[in-house]
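Next comes final.pdb, a file with PDB, C-alpha atoms, pLDDT in the B column.
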```pdb
ATOM      1  CA  MET D 403      61.490 -78.324 136.974  1.00 88.00           C
ATOM      2  CA  LEU D 404      65.094 -78.925 135.883  1.00 90.00           C
ATOM      3  CA  TYR D 405      65.628 -75.144 135.801  1.00 91.00           C
ATOM      4  CA  ASN D 406      64.637 -74.778 139.468  1.00 93.00           C
ATOM      5  CA  ILE D 407      66.923 -77.630 140.575  1.00 94.00           C
ATOM      6  CA  THR D 408      69.814 -76.152 138.596  1.00 95.00           C
ATOM      7  CA  LEU D 409      69.135 -72.685 140.047  1.00 96.00           C
ATOM      8  CA  VAL D 410      69.148 -74.001 143.633  1.00 96.00           C
ATOM      9  CA  PHE D 411      72.307 -76.003 142.952  1.00 96.00           C
ATOM     10  CA  VAL D 412      74.145 -72.997 141.439  1.00 97.00           C
ATOM     11  CA  VAL D 413      73.106 -70.639 144.269  1.00 97.00           C
ATOM     12  CA  ALA D 414      74.108 -73.213 146.917  1.00 97.00           C
ATOM     13  CA  ALA D 415      77.449 -73.806 145.163  1.00 97.00           C
ATOM     14  CA  ILE D 416      78.171 -70.048 145.073  1.00 97.00           C
ATOM     15  CA  VAL D 417      77.280 -69.601 148.757  1.00 97.00           C
ATOM     16  CA  LEU D 418      79.308 -72.642 149.846  1.00 97.00           C
ATOM     17  CA  THR D 419      82.284 -71.512 147.748  1.00 96.00           C
ATOM     18  CA  GLY D 420      82.152 -68.080 149.414  1.00 94.00           C
ATOM     19  CA  VAL D 421      81.934 -69.617 152.883  1.00 95.00           C
ATOM     20  CA  LEU D 422      84.854 -71.938 152.127  1.00 95.00           C
ATOM     21  CA  PHE D 423      86.922 -69.052 150.728  1.00 91.00           C
ATOM     22  CA  LEU D 424      86.310 -66.813 153.751  1.00 90.00           C
ATOM     23  CA  THR D 425      86.941 -69.697 156.179  1.00 91.00           C
ATOM     24  CA  ILE D 426      90.285 -70.464 154.572  1.00 90.00           C
ATOM     25  CA  HIS D 427      91.091 -66.757 154.407  1.00 88.00           C
ATOM     26  CA  SER D 428      90.508 -66.356 158.160  1.00 87.00           C
ATOM     27  CA  LEU D 429      92.667 -69.368 159.063  1.00 89.00           C
ATOM     28  CA  PRO D 430      95.794 -67.342 160.038  1.00 90.00           C
ATOM     29  CA  GLU D 431      93.689 -65.056 162.239  1.00 88.00           C
ATOM     30  CA  ARG D 432      92.089 -67.971 164.055  1.00 87.00           C
ATOM     31  CA  MET D 433      95.530 -69.495 164.580  1.00 87.00           C
ATOM     32  CA  ALA D 434      96.849 -66.173 165.927  1.00 86.00           C
ATOM     33  CA  HIS D 435      94.093 -66.012 168.553  1.00 84.00           C
ATOM     34  CA  LYS D 436      95.742 -68.985 170.269  1.00 80.00           C
ATOM     35  CA  SER D 437      98.897 -66.901 170.716  1.00 75.00           C
ATOM     36  CA  LYS D 438      99.181 -64.578 173.717  1.00 73.00           C
ATOM     37  CA  LYS D 439     101.046 -61.836 171.851  1.00 80.00           C
ATOM     38  CA  LYS D 440      98.761 -58.976 170.873  1.00 83.00           C
ATOM     39  CA  ILE D 441     101.164 -57.319 168.431  1.00 84.00           C
ATOM     40  CA  GLN D 442     101.535 -60.546 166.470  1.00 86.00           C
ATOM     41  CA  MET D 443      97.776 -61.043 166.358  1.00 89.00           C
ATOM     42  CA  ASP D 444      97.220 -57.467 165.170  1.00 90.00           C
ATOM     43  CA  LEU D 445      99.870 -57.804 162.464  1.00 90.00           C
ATOM     44  CA  ILE D 446      98.350 -61.052 161.206  1.00 90.00           C
ATOM     45  CA  ALA D 447      94.869 -59.487 161.180  1.00 89.00           C
ATOM     46  CA  VAL D 448      96.106 -56.533 159.120  1.00 92.00           C
ATOM     47  CA  LEU D 449      97.906 -58.818 156.664  1.00 92.00           C
ATOM     48  CA  CYS D 450      94.783 -60.977 156.246  1.00 90.00           C
ATOM     49  CA  LEU D 451      92.581 -57.949 155.710  1.00 90.00           C
ATOM     50  CA  LEU D 452      94.956 -56.469 153.134  1.00 92.00           C
ATOM     51  CA  ALA D 453      95.190 -59.823 151.370  1.00 91.00           C
ATOM     52  CA  LEU D 454      91.409 -60.056 151.271  1.00 87.00           C
ATOM     53  CA  LEU D 455      90.877 -56.531 149.954  1.00 89.00           C
ATOM     54  CA  LEU D 456      93.825 -56.349 147.540  1.00 91.00           C
ATOM     55  CA  HIS D 457      93.736 -59.976 146.340  1.00 85.00           C
ATOM     56  CA  LEU D 458      97.436 -60.391 147.115  1.00 86.00           C
ATOM     57  CA  HIS D 459      97.995 -63.987 148.100  1.00 87.00           C
ATOM     58  CA  VAL D 460     101.555 -63.212 149.196  1.00 92.00           C
ATOM     59  CA  LEU D 461     100.166 -61.240 152.146  1.00 91.00           C
ATOM     60  CA  TRP D 462      97.936 -64.141 153.149  1.00 90.00           C
ATOM     61  CA  LEU D 463     100.878 -66.509 152.915  1.00 92.00           C
ATOM     62  CA  ALA D 464     102.988 -64.138 155.039  1.00 92.00           C
ATOM     63  CA  ALA D 465     100.188 -64.007 157.632  1.00 91.00           C
ATOM     64  CA  LEU D 466      99.976 -67.793 157.662  1.00 90.00           C
ATOM     65  CA  ILE D 467     103.733 -68.170 158.151  1.00 91.00           C
ATOM     66  CA  LEU D 468     103.711 -65.493 160.852  1.00 89.00           C
ATOM     67  CA  ALA D 469     100.889 -67.342 162.629  1.00 89.00           C
ATOM     68  CA  PHE D 470     103.061 -70.475 162.801  1.00 88.00           C
ATOM     69  CA  ILE D 471     106.121 -68.628 164.138  1.00 86.00           C
ATOM     70  CA  ASP D 472     106.307 -67.761 167.824  1.00 81.00           C
ATOM     71  CA  ILE D 473     107.961 -64.335 168.070  1.00 79.00           C
ATOM     72  CA  PRO D 474     110.239 -64.180 171.131  1.00 80.00           C
ATOM     73  CA  ASP D 475     109.885 -61.445 173.746  1.00 79.00           C
ATOM     74  CA  PHE D 476     112.817 -59.061 173.256  1.00 81.00           C
ATOM     75  CA  LEU D 477     111.469 -56.211 175.370  1.00 84.00           C
ATOM     76  CA  THR D 478     111.734 -57.862 178.805  1.00 86.00           C
ATOM     77  CA  PRO D 479     115.491 -58.574 178.648  1.00 89.00           C
ATOM     78  CA  VAL D 480     116.196 -55.105 177.251  1.00 90.00           C
ATOM     79  CA  ASN D 481     114.218 -53.486 180.088  1.00 90.00           C
ATOM     80  CA  ARG D 482     116.093 -55.591 182.657  1.00 91.00           C
ATOM     81  CA  ILE D 483     119.436 -54.591 181.146  1.00 91.00           C
ATOM     82  CA  ALA D 484     118.413 -50.936 181.195  1.00 89.00           C
ATOM     83  CA  SER D 485     117.361 -51.062 184.844  1.00 89.00           C
ATOM     84  CA  SER D 486     120.603 -52.854 185.787  1.00 89.00           C
ATOM     85  CA  VAL D 487     122.695 -50.244 184.000  1.00 90.00           C
ATOM     86  CA  GLU D 488     120.751 -47.470 185.726  1.00 88.00           C
ATOM     87  CA  ALA D 489     121.356 -49.141 189.085  1.00 87.00           C
ATOM     88  CA  LEU D 490     125.081 -49.471 188.342  1.00 88.00           C
ATOM     89  CA  ALA D 491     125.238 -45.811 187.319  1.00 85.00           C
ATOM     90  CA  GLY D 492     123.621 -44.776 190.578  1.00 79.00           C
ATOM     91  CA  GLN D 493     120.492 -43.399 188.971  1.00 73.00           C
ATOM     92  CA  GLU D 494     116.982 -44.110 190.096  1.00 68.00           C
ATOM     93  CA  VAL D 495     115.352 -47.009 188.327  1.00 60.00           C
ATOM     94  CA  ALA D 496     112.438 -45.898 186.148  1.00 57.00           C
ATOM     95  CA  ASP D 497     110.023 -48.464 187.681  1.00 56.00           C
ATOM     96  CA  SER D 498     110.575 -47.235 191.241  1.00 52.00           C
ATOM     97  CA  PRO D 499     108.640 -44.204 192.517  1.00 51.00           C
ATOM     98  CA  PRO D 500     110.590 -40.935 192.514  1.00 53.00           C
ATOM     99  CA  ALA D 501     112.328 -40.057 195.757  1.00 51.00           C
ATOM    100  CA  ASP D 502     110.865 -37.263 197.872  1.00 52.00           C
ATOM    101  CA  HIS D 503     113.255 -34.319 197.847  1.00 50.00           C
ATOM    102  CA  SER D 504     111.707 -31.896 200.312  1.00 53.00           C
ATOM    103  CA  GLU D 505     114.693 -29.528 200.224  1.00 53.00           C
ATOM    104  CA  PRO D 506     116.143 -29.162 196.733  1.00 53.00           C
ATOM    105  CA  THR D 507     119.869 -28.632 196.701  1.00 58.00           C
ATOM    106  CA  PRO D 508     120.986 -25.735 194.527  1.00 57.00           C
ATOM    107  CA  SER D 509     123.441 -26.668 191.831  1.00 62.00           C
ATOM    108  CA  LYS D 510     126.851 -25.004 191.828  1.00 65.00           C
ATOM    109  CA  PRO D 511     127.427 -22.576 188.983  1.00 66.00           C
ATOM    110  CA  VAL D 512     130.038 -23.717 186.500  1.00 62.00           C
ATOM    111  CA  PRO D 513     132.630 -21.025 185.715  1.00 67.00           C
ATOM    112  CA  VAL D 514     132.740 -20.056 182.063  1.00 66.00           C
ATOM    113  CA  GLU D 515     136.162 -19.680 180.517  1.00 70.00           C
ATOM    114  CA  LYS D 516     136.810 -16.658 178.374  1.00 68.00           C
ATOM    115  CA  PRO D 517     138.233 -17.295 174.906  1.00 64.00           C
ATOM    116  CA  ARG D 518     141.964 -16.773 174.580  1.00 65.00           C
ATOM    117  CA  GLN D 519     143.324 -14.298 172.122  1.00 63.00           C
ATOM    118  CA  ASP D 520     146.365 -15.784 170.395  1.00 59.00           C
ATOM    119  CA  ARG D 521     146.585 -13.242 167.603  1.00 59.00           C
ATOM    120  CA  LYS D 522     146.033  -9.562 167.498  1.00 62.00           C
ATOM    121  CA  GLY D 523     142.368  -8.944 168.171  1.00 57.00           C
ATOM    122  CA  ALA D 524     141.188 -12.347 166.864  1.00 56.00           C
ATOM    123  CA  ALA D 525     139.210 -14.437 169.366  1.00 55.00           C
ATOM    124  CA  HIS D 526     139.245 -18.205 168.914  1.00 56.00           C
ATOM    125  CA  ALA D 527     136.773 -20.420 170.660  1.00 52.00           C
TER
END
```

Would it be possible to restate this file's structure as structure tokens?
Amino acid sequence: MLYNITLVFVVAAIVLTGVLFLTIHSLPERMAHKSKKKIQMDLIAVLCLLALLLHLHVLWLAALILAFIDIPDFLTPVNRIASSVEALAGQEVADSPPADHSEPTPSKPVPVEKPRQDRKGAAHA
């Protein structure tokens, strides 16, 4: 009778320990789901998976810290700067549809200069 009670207790303790371990291990991923940034969520998921498979707690700690940090959006200002520079340069902005050029204008050929010969028979470019 005591053997059966001990067996049930040991099996329940092992299962509960595994559930607690996996719940704590998935904590950074669950925190990252609240964030709207997909790249941050994917990075945290990869770090958690590597930490789980390789038993490297540093990766789990990095994922946890990354889940707490809100990564700013750097791409939007850079794209706005690029479109402003294109507009200042007189080029078409990449977001706008290409202009319809029904009659292409031929480009003027650029004359090619011949190399000068300063010495006897030697051509320098």

For the structure provided, state which residues fall under the PyMOL selection byres ((chain D and resi 428) around 10), and present them as a list in words.
Leu422, Phe423, Leu424, Thr425, Ile426, His427, Leu429, Pro430, Glu431, Arg432, Met433, Ile446, Ala447, Cys450, Leu451, Leu454, Trp462, Ala465 and Leu466 of chain D

Hits from the PyMOL selection byres ((chain D and resi 475) around 12), listed as a list in words
Lys438, Lys439, Lys440, Ile441, Gln442, Asp472, Ile473, Pro474, Phe476, Leu477, Thr478, Pro479, Val480 and Asn481 of chain D

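Atom CA of D:Leu468 sits 24.5 Å away from atom CA of D:Gly420.
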
What gap, in Å, lies between atom CA of D:Phe470 and atom CA of D:Ser437?
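A separation of 9.6 Å between them.
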
Between atom CA of D:Val460 and atom CA of D:Asp444, what is the spacing in Å?
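Distance reported for this atom pair: 17.5 Å.
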
Counting all atoms listed in the file, closest pick from D:Ala491, D:Leu455, D:Ala484, D:Ala434 relative to D:Ile471 is D:Ala434
